[in-house]
>>> print(open('run_1.txt').read())   # compact mmCIF, C-alpha atoms
# COMPACT_ATOMS: atom_id res chain seq x y z
CA MET U 274 -23.69 4.51 -16.13
CA GLU U 275 -24.10 6.68 -13.03
CA LEU U 276 -22.21 6.20 -9.75
CA LYS U 277 -25.07 6.86 -7.32
CA ASN U 278 -23.40 6.14 -4.00
CA THR U 279 -20.07 5.17 -2.40
CA GLU U 280 -20.14 3.66 1.08
CA LYS U 281 -17.26 2.44 3.23
CA LEU U 282 -17.83 -0.95 4.86
CA GLU U 283 -15.91 -2.85 7.54
CA HIS U 284 -12.89 -5.01 6.69
CA SER U 285 -11.64 -2.41 4.18
CA GLN U 286 -14.44 -2.81 1.66
CA VAL U 287 -16.33 -0.21 -0.34
CA LYS U 288 -19.88 -0.57 -1.65
CA LEU U 289 -20.54 1.11 -4.97
CA THR U 290 -24.10 1.58 -6.17
CA VAL U 291 -24.14 2.07 -9.93
CA ALA U 292 -27.27 2.97 -11.90
CA VAL U 293 -27.70 1.42 -15.34
CA SER U 294 -30.27 3.33 -17.40
CA ALA U 295 -33.11 1.75 -19.34
CA GLU U 296 -31.35 2.80 -22.55
CA GLU U 297 -28.07 1.11 -21.55
CA LEU U 298 -29.94 -2.04 -20.57
CA ASP U 299 -31.89 -2.06 -23.84
CA LYS U 300 -28.68 -1.72 -25.82
CA ALA U 301 -27.18 -4.65 -23.93
CA LYS U 302 -30.34 -6.72 -24.49
CA GLU U 303 -30.13 -6.00 -28.20
CA ALA U 304 -26.49 -7.17 -28.22
CA ALA U 305 -27.51 -10.35 -26.35
CA TYR U 306 -30.28 -10.96 -28.89
CA LYS U 307 -27.93 -10.56 -31.87
CA LYS U 308 -25.42 -12.92 -30.31
CA SER U 309 -27.94 -15.71 -29.75
CA LYS U 310 -30.68 -15.17 -32.37
CA ASN U 311 -29.41 -17.95 -34.64
CA GLN U 312 -30.26 -20.47 -31.94
CA PHE U 313 -34.01 -19.83 -32.16
CA GLN U 314 -36.36 -21.78 -34.39
CA ILE U 315 -39.66 -19.88 -34.21
CA PRO U 316 -42.72 -21.12 -36.18
CA GLY U 317 -43.33 -18.86 -39.19
CA PHE U 318 -39.70 -17.70 -39.32
CA ARG U 319 -36.58 -19.15 -40.79
CA LYS U 320 -34.04 -20.13 -38.13
CA GLY U 321 -32.35 -17.01 -36.75
CA LYS U 322 -34.72 -14.61 -38.51
CA ALA U 323 -37.23 -14.02 -35.69
CA THR U 324 -37.05 -10.47 -34.34
CA ARG U 325 -36.23 -9.69 -30.75
CA LYS U 326 -39.80 -8.50 -30.12
CA VAL U 327 -41.18 -11.82 -31.36
CA ILE U 328 -38.87 -13.79 -29.08
CA GLU U 329 -39.66 -11.56 -26.07
CA ARG U 330 -43.38 -11.90 -26.78
CA LEU U 331 -43.01 -15.68 -26.67
CA TYR U 332 -40.62 -16.00 -23.71
CA GLY U 333 -41.19 -12.81 -21.75
CA LYS U 334 -40.01 -9.21 -21.99
CA ASP U 335 -37.07 -9.86 -19.66
CA PHE U 336 -35.86 -12.93 -21.55
CA PHE U 337 -32.53 -11.32 -22.53
CA VAL U 338 -31.97 -9.48 -19.25
CA ASN U 339 -29.63 -12.04 -17.65
CA ASP U 340 -27.37 -12.16 -20.69
CA ALA U 341 -27.46 -8.38 -20.90
CA ILE U 342 -26.42 -8.04 -17.25
CA ASN U 343 -23.58 -10.53 -17.71
CA ASN U 344 -22.36 -8.46 -20.66
CA LEU U 345 -22.69 -5.16 -18.80
CA TYR U 346 -20.79 -6.25 -15.66
CA PRO U 347 -17.27 -6.42 -17.17
CA GLU U 348 -17.90 -3.05 -18.81
CA MET U 349 -19.47 -1.25 -15.86
CA TYR U 350 -17.16 -2.55 -13.10
CA PRO U 351 -13.95 -0.83 -14.24
CA GLN U 352 -15.93 2.32 -15.05
CA ALA U 353 -17.34 2.36 -11.52
CA LEU U 354 -13.89 1.87 -9.99
CA GLU U 355 -12.50 4.75 -12.04
CA ALA U 356 -15.44 7.00 -11.16
CA ALA U 357 -15.00 6.24 -7.46
CA GLY U 358 -11.22 6.62 -7.66
CA ILE U 359 -10.50 3.31 -5.91
CA GLU U 360 -8.16 0.43 -6.70
CA PRO U 361 -9.28 -3.06 -5.69
CA VAL U 362 -6.91 -5.49 -3.96
CA GLY U 363 -8.87 -8.57 -4.91
CA GLN U 364 -11.92 -9.86 -6.70
CA GLY U 365 -15.04 -7.80 -5.97
CA ASP U 366 -18.57 -9.07 -5.40
CA VAL U 367 -21.53 -8.00 -7.53
CA LYS U 368 -25.27 -8.25 -7.17
CA ILE U 369 -28.40 -6.58 -8.49
CA ASP U 370 -30.52 -4.35 -6.29
CA GLU U 371 -33.23 -6.83 -5.29
CA SER U 372 -35.68 -4.09 -4.34
CA LEU U 373 -36.47 -3.50 -8.02
CA GLU U 374 -39.72 -5.10 -9.15
CA ASN U 375 -38.82 -4.98 -12.84
CA PHE U 376 -36.20 -3.68 -15.25
CA ASP U 377 -38.42 -1.22 -17.15
CA ASN U 378 -36.44 1.77 -15.88
CA GLY U 379 -33.03 0.09 -15.73
CA PHE U 380 -31.47 -1.32 -12.58
CA ASP U 381 -28.69 -0.82 -10.03
CA PHE U 382 -25.45 -2.78 -9.80
CA ILE U 383 -24.13 -3.10 -6.24
CA PHE U 384 -20.38 -3.75 -6.23
CA THR U 385 -18.62 -4.68 -3.00
CA VAL U 386 -14.93 -4.01 -3.54
CA PRO U 387 -12.00 -4.94 -1.25
CA VAL U 388 -9.54 -2.03 -1.01
CA TYR U 389 -6.12 -1.45 0.51
CA PRO U 390 -6.61 -1.00 4.26
CA GLU U 391 -5.58 1.96 6.35
CA VAL U 392 -2.37 0.91 8.09
CA SER U 393 -0.64 2.11 11.22
CA VAL U 394 2.45 0.72 12.89
CA GLY U 395 3.73 1.07 16.42
CA THR U 396 7.39 1.17 17.44
CA TYR U 397 9.55 -0.34 14.75
CA LYS U 398 13.00 1.04 15.56
CA GLY U 399 14.98 -0.37 18.44
CA VAL U 400 12.81 -3.45 18.95
CA GLU U 401 14.44 -6.30 20.85
CA ALA U 402 14.70 -9.68 19.16
CA GLU U 403 16.62 -12.86 19.94
CA LYS U 404 19.59 -13.68 17.75
CA ALA U 405 21.39 -17.01 17.92
CA ASP U 406 25.14 -17.20 18.45
CA ALA U 407 26.76 -18.10 15.11
CA THR U 408 30.11 -19.08 16.63
CA VAL U 409 31.49 -22.28 15.12
CA THR U 410 32.57 -24.78 17.75
CA GLU U 411 34.90 -27.75 17.56
CA ASP U 412 31.82 -29.96 17.90
CA ASP U 413 30.36 -28.36 14.75
CA VAL U 414 33.48 -29.19 12.76
CA ASN U 415 33.66 -32.71 14.17
CA ALA U 416 30.01 -33.34 13.36
CA GLU U 417 30.65 -32.49 9.71
CA LEU U 418 33.80 -34.62 9.66
CA ASN U 419 31.79 -37.53 11.09
CA ARG U 420 29.12 -37.04 8.43
CA LEU U 421 31.79 -37.22 5.71
CA ALA U 422 33.31 -40.27 7.41
CA GLU U 423 29.96 -42.06 7.52
CA ARG U 424 29.52 -41.47 3.80
CA ALA U 425 32.99 -42.90 3.18
CA ALA U 426 32.57 -45.81 5.61
CA SER U 427 32.57 -49.42 4.49
CA THR U 428 30.87 -52.48 5.96
CA GLU U 429 31.96 -56.04 6.51
CA THR U 430 30.27 -59.09 7.95
CA ALA U 431 30.92 -59.46 11.69
CA ASP U 432 31.17 -62.90 13.25
CA ARG U 433 29.72 -61.76 16.58
CA ALA U 434 26.57 -60.52 18.27
CA ALA U 435 25.09 -57.24 17.01
CA ALA U 436 25.91 -53.98 18.80
CA LEU U 437 24.59 -50.44 18.49
CA GLY U 438 25.93 -48.92 15.29
CA ASP U 439 25.92 -52.25 13.45
CA THR U 440 23.59 -53.00 10.55
CA VAL U 441 21.57 -56.20 10.81
CA VAL U 442 19.91 -57.86 7.84
CA ILE U 443 16.59 -59.32 9.00
CA ASP U 444 13.36 -60.96 7.91
CA PHE U 445 10.40 -59.88 10.05
CA GLU U 446 6.63 -60.11 10.33
CA GLY U 447 4.45 -58.17 12.75
CA PHE U 448 1.35 -59.39 14.60
CA VAL U 449 -1.32 -57.53 16.59
CA ASP U 450 -3.67 -59.65 18.69
CA GLY U 451 -2.17 -62.72 17.00
CA GLU U 452 -3.07 -61.48 13.49
CA ALA U 453 -0.55 -60.34 10.86
CA PHE U 454 -1.21 -56.77 9.71
CA GLU U 455 -0.71 -55.09 6.35
CA GLY U 456 2.73 -53.52 5.85
CA GLY U 457 4.24 -55.39 8.80
CA LYS U 458 6.36 -57.84 6.82
CA GLY U 459 9.82 -57.50 5.29
CA GLU U 460 12.62 -59.64 3.93
CA ASP U 461 16.37 -58.95 3.72
CA PHE U 462 15.78 -55.60 5.39
CA SER U 463 18.96 -53.72 6.38
CA LEU U 464 18.44 -51.96 9.72
CA LYS U 465 21.11 -49.85 11.40
CA LEU U 466 20.77 -50.31 15.16
CA GLY U 467 20.42 -46.99 16.92
CA SER U 468 19.18 -45.14 13.83
CA GLY U 469 15.62 -44.80 15.17
CA THR U 470 14.23 -46.10 11.88
CA PHE U 471 11.77 -48.49 13.52
CA ILE U 472 9.29 -48.15 16.39
CA PRO U 473 10.92 -47.13 19.71
CA GLY U 474 12.29 -50.21 21.46
CA PHE U 475 12.51 -52.36 18.32
CA GLU U 476 16.18 -51.85 17.53
CA ASP U 477 17.31 -52.18 21.17
CA GLN U 478 15.92 -55.72 21.32
CA LEU U 479 18.10 -56.81 18.39
CA VAL U 480 21.30 -55.76 20.20
CA GLY U 481 23.14 -58.94 21.27
CA LYS U 482 21.52 -61.11 18.60
CA SER U 483 23.70 -63.06 16.16
CA ALA U 484 23.32 -64.27 12.57
CA GLY U 485 21.00 -67.30 12.38
CA GLU U 486 19.17 -66.34 15.57
CA ASP U 487 15.36 -65.97 15.72
CA CYS U 488 13.63 -63.76 18.27
CA ASP U 489 10.38 -62.03 19.16
CA VAL U 490 10.48 -58.24 19.42
CA ASN U 491 7.72 -56.82 21.61
CA VAL U 492 6.80 -53.17 21.06
CA THR U 493 3.85 -50.80 21.37
CA PHE U 494 2.88 -48.53 18.49
CA PRO U 495 2.94 -44.81 19.42
CA GLU U 496 -0.44 -43.20 20.15
CA GLU U 497 0.12 -40.78 17.24
CA TYR U 498 1.11 -43.53 14.79
CA GLN U 499 0.10 -42.78 11.20
CA ALA U 500 -1.98 -45.96 10.82
CA ALA U 501 -4.96 -45.32 13.11
CA ASP U 502 -5.83 -49.03 13.39
CA LEU U 503 -2.40 -49.72 14.92
CA ALA U 504 -1.93 -46.60 17.05
CA GLY U 505 -1.32 -47.39 20.72
CA LYS U 506 -1.55 -51.18 20.26
CA PRO U 507 1.03 -53.74 21.44
CA ALA U 508 2.63 -55.82 18.69
CA VAL U 509 4.98 -58.76 18.33
CA PHE U 510 7.48 -58.91 15.48
CA LYS U 511 8.89 -62.32 14.72
CA CYS U 512 12.42 -61.66 13.48
CA SER U 513 15.15 -63.75 11.92
CA VAL U 514 18.67 -62.27 11.94
CA LYS U 515 20.42 -63.22 8.70
CA SER U 516 23.67 -61.30 9.11
CA VAL U 517 25.43 -58.68 11.19
CA GLN U 518 27.32 -55.97 9.30
CA GLU U 519 29.96 -53.91 11.07
CA THR U 520 30.59 -50.33 9.94
CA ILE U 521 34.28 -49.63 9.37
CA MET U 522 34.96 -45.91 9.77
CA PRO U 523 37.96 -44.43 7.94
CA GLU U 524 40.89 -42.94 9.84
CA MET U 525 40.73 -39.16 10.16
CA ASP U 526 43.98 -38.29 8.40
CA ASP U 527 45.31 -36.61 5.29
CA GLU U 528 44.37 -39.60 3.12
CA PHE U 529 40.79 -39.32 4.37
CA ALA U 530 40.77 -35.62 3.44
CA LYS U 531 41.98 -36.46 -0.09
CA ASP U 532 39.28 -39.15 -0.46
CA VAL U 533 36.32 -37.01 0.60
CA SER U 534 37.32 -33.54 -0.64
CA GLU U 535 39.54 -31.55 -2.95
CA PHE U 536 42.00 -30.82 -0.13
CA GLU U 537 45.41 -32.41 0.44
CA THR U 538 45.45 -32.33 4.22
CA LEU U 539 43.03 -32.83 7.10
CA GLU U 540 43.85 -29.35 8.42
CA GLU U 541 42.86 -27.76 5.11
CA LEU U 542 39.60 -29.72 5.17
CA LYS U 543 38.89 -28.61 8.73
CA LYS U 544 39.56 -24.97 7.81
CA SER U 545 37.14 -25.22 4.88
CA ILE U 546 34.48 -26.79 7.09
CA GLN U 547 35.04 -24.03 9.65
CA GLU U 548 34.53 -21.30 7.04
CA LYS U 549 31.48 -22.88 5.37
CA THR U 550 29.86 -23.67 8.71
CA ALA U 551 30.48 -20.11 9.90
CA GLU U 552 28.78 -18.73 6.80
CA SER U 553 25.89 -21.18 7.09
CA LYS U 554 25.31 -20.49 10.79
CA ALA U 555 25.56 -16.72 10.26
CA ASN U 556 23.01 -16.84 7.43
CA ALA U 557 20.65 -19.03 9.46
CA ALA U 558 20.97 -16.76 12.51
CA ASP U 559 20.33 -13.68 10.37
CA ARG U 560 17.24 -15.21 8.74
CA ASP U 561 15.86 -16.21 12.11
CA PHE U 562 16.67 -12.77 13.55
CA GLU U 563 14.86 -11.13 10.64
CA GLU U 564 11.73 -13.19 11.30
CA LYS U 565 11.81 -12.33 15.00
CA VAL U 566 12.28 -8.61 14.26
CA LEU U 567 9.30 -8.69 11.91
CA ASP U 568 7.25 -10.53 14.55
CA LYS U 569 7.99 -7.68 16.97
CA VAL U 570 7.01 -5.08 14.37
CA LEU U 571 3.76 -6.92 13.64
CA GLU U 572 2.78 -6.61 17.31
CA GLY U 573 2.18 -2.91 16.67
CA LEU U 574 0.43 -3.31 13.31
CA GLU U 575 -3.14 -2.09 13.02
CA ALA U 576 -4.97 -2.81 9.78
CA ASP U 577 -8.47 -4.03 8.95
CA VAL U 578 -7.31 -6.47 6.28
CA PRO U 579 -9.91 -7.54 3.69
CA GLU U 580 -10.36 -11.27 3.27
CA ALA U 581 -9.57 -10.93 -0.43
CA MET U 582 -5.93 -10.05 0.36
CA TYR U 583 -5.49 -13.23 2.38
CA GLU U 584 -7.13 -15.32 -0.34
CA ALA U 585 -4.97 -13.75 -3.04
CA GLN U 586 -1.83 -14.57 -1.05
CA LEU U 587 -3.10 -18.11 -0.51
CA ASP U 588 -3.54 -18.38 -4.27
CA ASN U 589 0.11 -17.34 -4.73
CA ILE U 590 1.29 -19.93 -2.21
CA MET U 591 -0.77 -22.66 -3.88
CA GLN U 592 0.58 -21.67 -7.29
CA ASP U 593 4.20 -21.83 -6.08
CA TYR U 594 3.53 -25.17 -4.38
CA GLY U 595 1.93 -26.45 -7.57
CA TYR U 596 5.00 -25.51 -9.63
CA ARG U 597 7.26 -27.44 -7.24
CA ILE U 598 5.00 -30.49 -7.31
CA GLN U 599 4.79 -30.39 -11.12
CA SER U 600 8.58 -30.63 -11.30
CA GLN U 601 8.12 -34.08 -9.74
CA GLY U 602 5.70 -35.10 -12.48
CA ILE U 603 2.41 -34.74 -10.58
CA SER U 604 -0.28 -32.08 -10.53
CA LEU U 605 -1.21 -30.32 -7.30
CA GLU U 606 -4.76 -31.68 -7.54
CA ASP U 607 -3.52 -35.28 -7.81
CA TYR U 608 -1.00 -34.71 -5.01
CA VAL U 609 -3.73 -33.45 -2.68
CA LYS U 610 -5.91 -36.47 -3.54
CA GLN U 611 -3.02 -38.82 -2.78
CA MET U 612 -2.72 -37.11 0.60
CA GLY U 613 -6.36 -38.04 1.18
CA MET U 614 -7.39 -34.40 1.51
CA GLU U 615 -9.78 -31.91 -0.05
CA MET U 616 -8.21 -28.83 -1.66
CA SER U 617 -9.97 -26.58 0.86
CA SER U 618 -8.37 -28.49 3.74
CA PHE U 619 -4.97 -28.35 2.06
CA ARG U 620 -5.29 -24.58 1.57
CA ALA U 621 -6.21 -24.21 5.23
CA ILE U 622 -2.77 -25.59 6.19
CA PHE U 623 -1.17 -22.48 4.68
CA ARG U 624 -3.73 -19.98 5.99
CA SER U 625 -1.62 -18.65 8.88
CA GLN U 626 1.41 -18.38 6.58
CA ALA U 627 -0.60 -16.30 4.09
CA GLU U 628 -1.96 -14.04 6.83
CA ARG U 629 1.52 -13.35 8.20
CA GLN U 630 2.93 -12.62 4.75
CA VAL U 631 0.15 -10.12 4.03
CA LYS U 632 0.67 -8.39 7.38
CA VAL U 633 4.42 -8.19 6.82
CA GLN U 634 3.82 -6.64 3.39
CA LEU U 635 1.46 -4.06 4.89
CA ALA U 636 3.81 -3.17 7.74
CA VAL U 637 6.93 -2.96 5.56
CA LYS U 638 5.16 -0.82 2.94
CA LYS U 639 3.91 1.59 5.60
CA ILE U 640 7.35 1.87 7.20
CA SER U 641 9.03 2.45 3.84
CA GLU U 642 6.60 5.33 3.25
CA LEU U 643 7.21 6.80 6.71
CA GLU U 644 10.98 6.56 6.27
CA GLY U 645 11.01 7.62 2.62
CA ILE U 646 12.88 4.46 1.63
CA GLU U 647 13.30 3.69 -2.04
CA PRO U 648 16.11 2.34 -4.22
CA SER U 649 18.37 4.54 -6.31
CA GLU U 650 18.67 4.19 -10.07
CA ASP U 651 22.10 2.62 -9.55
CA GLU U 652 20.62 0.01 -7.20
CA ILE U 653 17.90 -0.83 -9.71
CA ALA U 654 20.50 -1.17 -12.47
CA ALA U 655 22.65 -3.39 -10.22
CA GLU U 656 19.67 -5.61 -9.49
CA TYR U 657 18.92 -6.07 -13.19
CA LYS U 658 22.58 -7.01 -13.69
CA ARG U 659 22.38 -9.54 -10.84
CA LEU U 660 19.20 -11.09 -12.28
CA ALA U 661 20.75 -11.31 -15.74
CA GLU U 662 23.79 -13.13 -14.37
CA ALA U 663 21.62 -15.42 -12.25
CA TYR U 664 19.45 -16.48 -15.20
CA GLY U 665 22.14 -16.35 -17.85
CA LEU U 666 20.24 -13.78 -19.93
CA GLU U 667 20.94 -10.39 -21.46
CA GLU U 668 19.81 -7.48 -19.28
CA ASP U 669 17.42 -6.28 -22.00
CA LYS U 670 15.72 -9.69 -21.95
CA VAL U 671 15.36 -9.58 -18.18
CA LYS U 672 13.80 -6.11 -18.42
CA GLN U 673 11.20 -7.52 -20.81
CA PHE U 674 10.14 -10.13 -18.26
CA VAL U 675 10.62 -8.21 -15.00
CA PRO U 676 8.99 -4.74 -14.88
CA ALA U 677 10.95 -1.92 -13.28
CA GLU U 678 8.14 -1.37 -10.76
CA SER U 679 8.50 -4.97 -9.59
CA VAL U 680 12.25 -4.60 -9.12
CA LYS U 681 11.76 -1.27 -7.33
CA SER U 682 9.14 -2.78 -5.03
CA ASP U 683 11.33 -5.78 -4.14
CA LEU U 684 14.35 -3.57 -3.44
CA THR U 685 12.26 -1.19 -1.33
CA THR U 686 11.03 -4.12 0.73
CA GLN U 687 14.53 -5.48 1.29
CA LYS U 688 16.00 -2.05 2.12
CA THR U 689 13.23 -1.50 4.66
CA ILE U 690 13.76 -4.88 6.30
CA ASP U 691 17.52 -4.24 6.38
CA MET U 692 16.84 -0.93 8.12
CA LEU U 693 14.66 -2.65 10.70
CA LYS U 694 17.38 -5.21 11.44
CA GLU U 695 20.10 -2.56 11.66
CA ASN U 696 18.05 -0.63 14.20
CA ALA U 697 16.94 -3.67 16.19
CA VAL U 698 18.57 -4.75 19.43
CA ALA U 699 19.85 -8.33 19.28
CA VAL U 700 19.56 -10.24 22.55
CA ALA U 701 20.77 -13.71 23.41
CA PRO U 702 18.12 -16.44 23.18
CA ALA U 703 16.67 -17.81 26.39
CA ALA U 704 18.50 -20.90 27.64
CA ALA U 705 15.72 -23.29 26.57
CA ASP U 706 15.48 -21.74 23.11
CA ALA U 707 19.26 -21.86 22.66
CA GLU U 708 19.22 -25.57 23.44
>>> encode(input="run_1.txt", output="structure tokens")
Amino acid sequence: MELKNTEKLEHSQVKLTVAVSAEELDKAKEAAYKKSKNQFQIPGFRKGKATRKVIERLYGKDFFVNDAINNLYPEMYPQALEAAGIEPVGQGDVKIDESLENFDNGFDFIFTVPVYPEVSVGTYKGVEAEKADATVTEDDVNAELNRLAERAASTETADRAAALGDTVVIDFEGFVDGEAFEGGKGEDFSLKLGSGTFIPGFEDQLVGKSAGEDCDVNVTFPEEYQAADLAGKPAVFKCSVKSVQETIMPEMDDEFAKDVSEFETLEELKKSIQEKTAESKANAADRDFEEKVLDKVLEGLEADVPEAMYEAQLDNIMQDYGYRIQSQGISLEDYVKQMGMEMSSFRAIFRSQAERQVKVQLAVKKISELEGIEPSEDEIAAEYKRLAEAYGLEEDKVKQFVPAESVKSDLTTQKTIDMLKENAVAVAPAAADAE
């Protein structure tokens, strides 16, 4: 093998022209012949005993060339990469020099290889990014108390007309243009009025209705309704109210606190809610701030990213998604079919996510190099200890599964992002965003 030429292409790709000599090709053809000779039944020869020359005389002198090339590719490709001193970031493309009229004197492989792009970043220290206020308000605490109260609430039949907040048990059937439509019928359906479960306007028309009362509910399906044949169309639902159920909320007192938590008093429960909500809001605000800081950093990123890097990241996203779907007892392929989609269309949904992740990786890696950021041995050891505790394994076992380079890379990324956040300027969100 001879590396004849190395040429840089756009989109961070390199074209390698590799010469394969006639001798190398002949050796590969001989190997292809030996591998397949037992398949040939040639007149005058026992099966598998015909020589290569006999077979080539019958089928053509280049009969074994394709198999030979297929055998040479996995051998020549890594040799070419090593000779050129490049490391691919994705699957390369290969073709044969089509200008050759025959293979008598060998041939040329042309490898097109995606490589890590040249990366530059703009200003990354002192960028301004919005950060939400993580202060816990009385409304936050009350909202959580109300959620706990709703879970602990009971219901009883009300001998009166239905009001917002009540649950009505109904039979219903829907009609469009006087015709019943599929999926528009239900019996003994429990509907909480004001929950927004049904089409806008449906629940409001049941307010004031009593058990034993029949009524027509007139609504219009939303233009963006999931069933295209119903979208935007007026409909009539013939309803029969079978019962009205009133929700009985518990009293907010110490007994309530004992029933819904491990605390003895309502004040203790409120304090716990305050602390947990504060932690939750702070974590959410920090995650959102991190994303906004990275968005600002990406504004100054310059990199001619090869398509292969995006595709590789898409593959990772699809693999992770597939693992989550499998935990529910269904394969990703079947899930996509059930969604009525092609896999290519499903992948396209995550395209922008993959592109951003790749760009963040490029920017963070470049900044870590510029800043000389890397974890200490103590930090690496601490991370192995954390992983061992998280997975309930011995540290030595974790080290077998998680290479040190992987741990070092992850820590470097996190330390770099932490540095960016520490140096960023947090500003209050705009009024509309805050709302």
>>> residues_near_point(input="run_1.txt", point="(20.0, -48.5, 19.7)", cutoff="7 Å", atoms="all atoms listed in the file", output="ChimeraX atom specification")
/U:437,466-468,476-477
>>> residues_near_point(input="run_1.txt", point="(40.8, -33.6, 7.5)", cutoff="6 Å", atoms="only C-alpha atoms", output="MDAnalysis selection string")
chainID U and resid 526:527 530 538:540 542:543
>>> write_last_selection(input="run_1.txt", atoms="C-alpha atoms", output="mmCIF file, keeping the file's coordinate frame")
data_model
loop_
_atom_site.group_PDB
_atom_site.id
_atom_site.type_symbol
_atom_site.label_atom_id
_atom_site.label_comp_id
_atom_site.auth_asym_id
_atom_site.auth_seq_id
_atom_site.Cartn_x
_atom_site.Cartn_y
_atom_site.Cartn_z
ATOM 1 C CA ASP U 526 43.980 -38.290 8.400
ATOM 2 C CA ASP U 527 45.310 -36.610 5.290
ATOM 3 C CA ALA U 530 40.770 -35.620 3.440
ATOM 4 C CA THR U 538 45.450 -32.330 4.220
ATOM 5 C CA LEU U 539 43.030 -32.830 7.100
ATOM 6 C CA GLU U 540 43.850 -29.350 8.420
ATOM 7 C CA LEU U 542 39.600 -29.720 5.170
ATOM 8 C CA LYS U 543 38.890 -28.610 8.730
#
>>> atom_distance(input="run_1.txt", atom1="atom CA of U:Leu571", atom2="atom CA of U:His284")
18.1 Å
>>> residues_around(input="run_1.txt", residues="U:Gly321", least_positions_apart="2", cutoff="9 Å", atoms="all atoms listed in the file", output="list in words")
Ser309, Lys310, Asn311, Gln312, Phe313, Gln314, Ile315, Phe318, Arg319, Ala323 and Thr324 of chain U
>>> atom_distance(input="run_1.txt", atom1="atom CA of U:Glu280", atom2="atom CA of U:Ile383")
10.7 Å
>>> residues_around(input="run_1.txt", residues="U:Ser285", least_positions_apart="2", cutoff="10 Å", atoms="only C-alpha atoms", output="ChimeraX atom specification")
/U:281-283,287,362,386-391,576-581
>>> closest_atom_pairs(input="run_1.txt", of="stretch 311-412 of chain U", to="stretch 638-643 of chain U", cutoff="9 Å", atoms="all atoms listed in the file", output="CSV")
residue,atom,partner,partner_atom,distance
U:Val392,CA,U:Lys639,CA,6.8
U:Ser393,CA,U:Lys639,CA,7.2
U:Val394,CA,U:Lys639,CA,7.5
U:Tyr397,CA,U:Ile640,CA,8.2
>>> residues_around(input="run_1.txt", residues="U:Thr410", least_positions_apart="3", cutoff="10 Å", atoms="all atoms listed in the file", output="list of chain:residue names")
U:Ala407, U:Asp413, U:Val414, U:Asn415, U:Ala416, U:Gln547, U:Thr550, U:Ala551
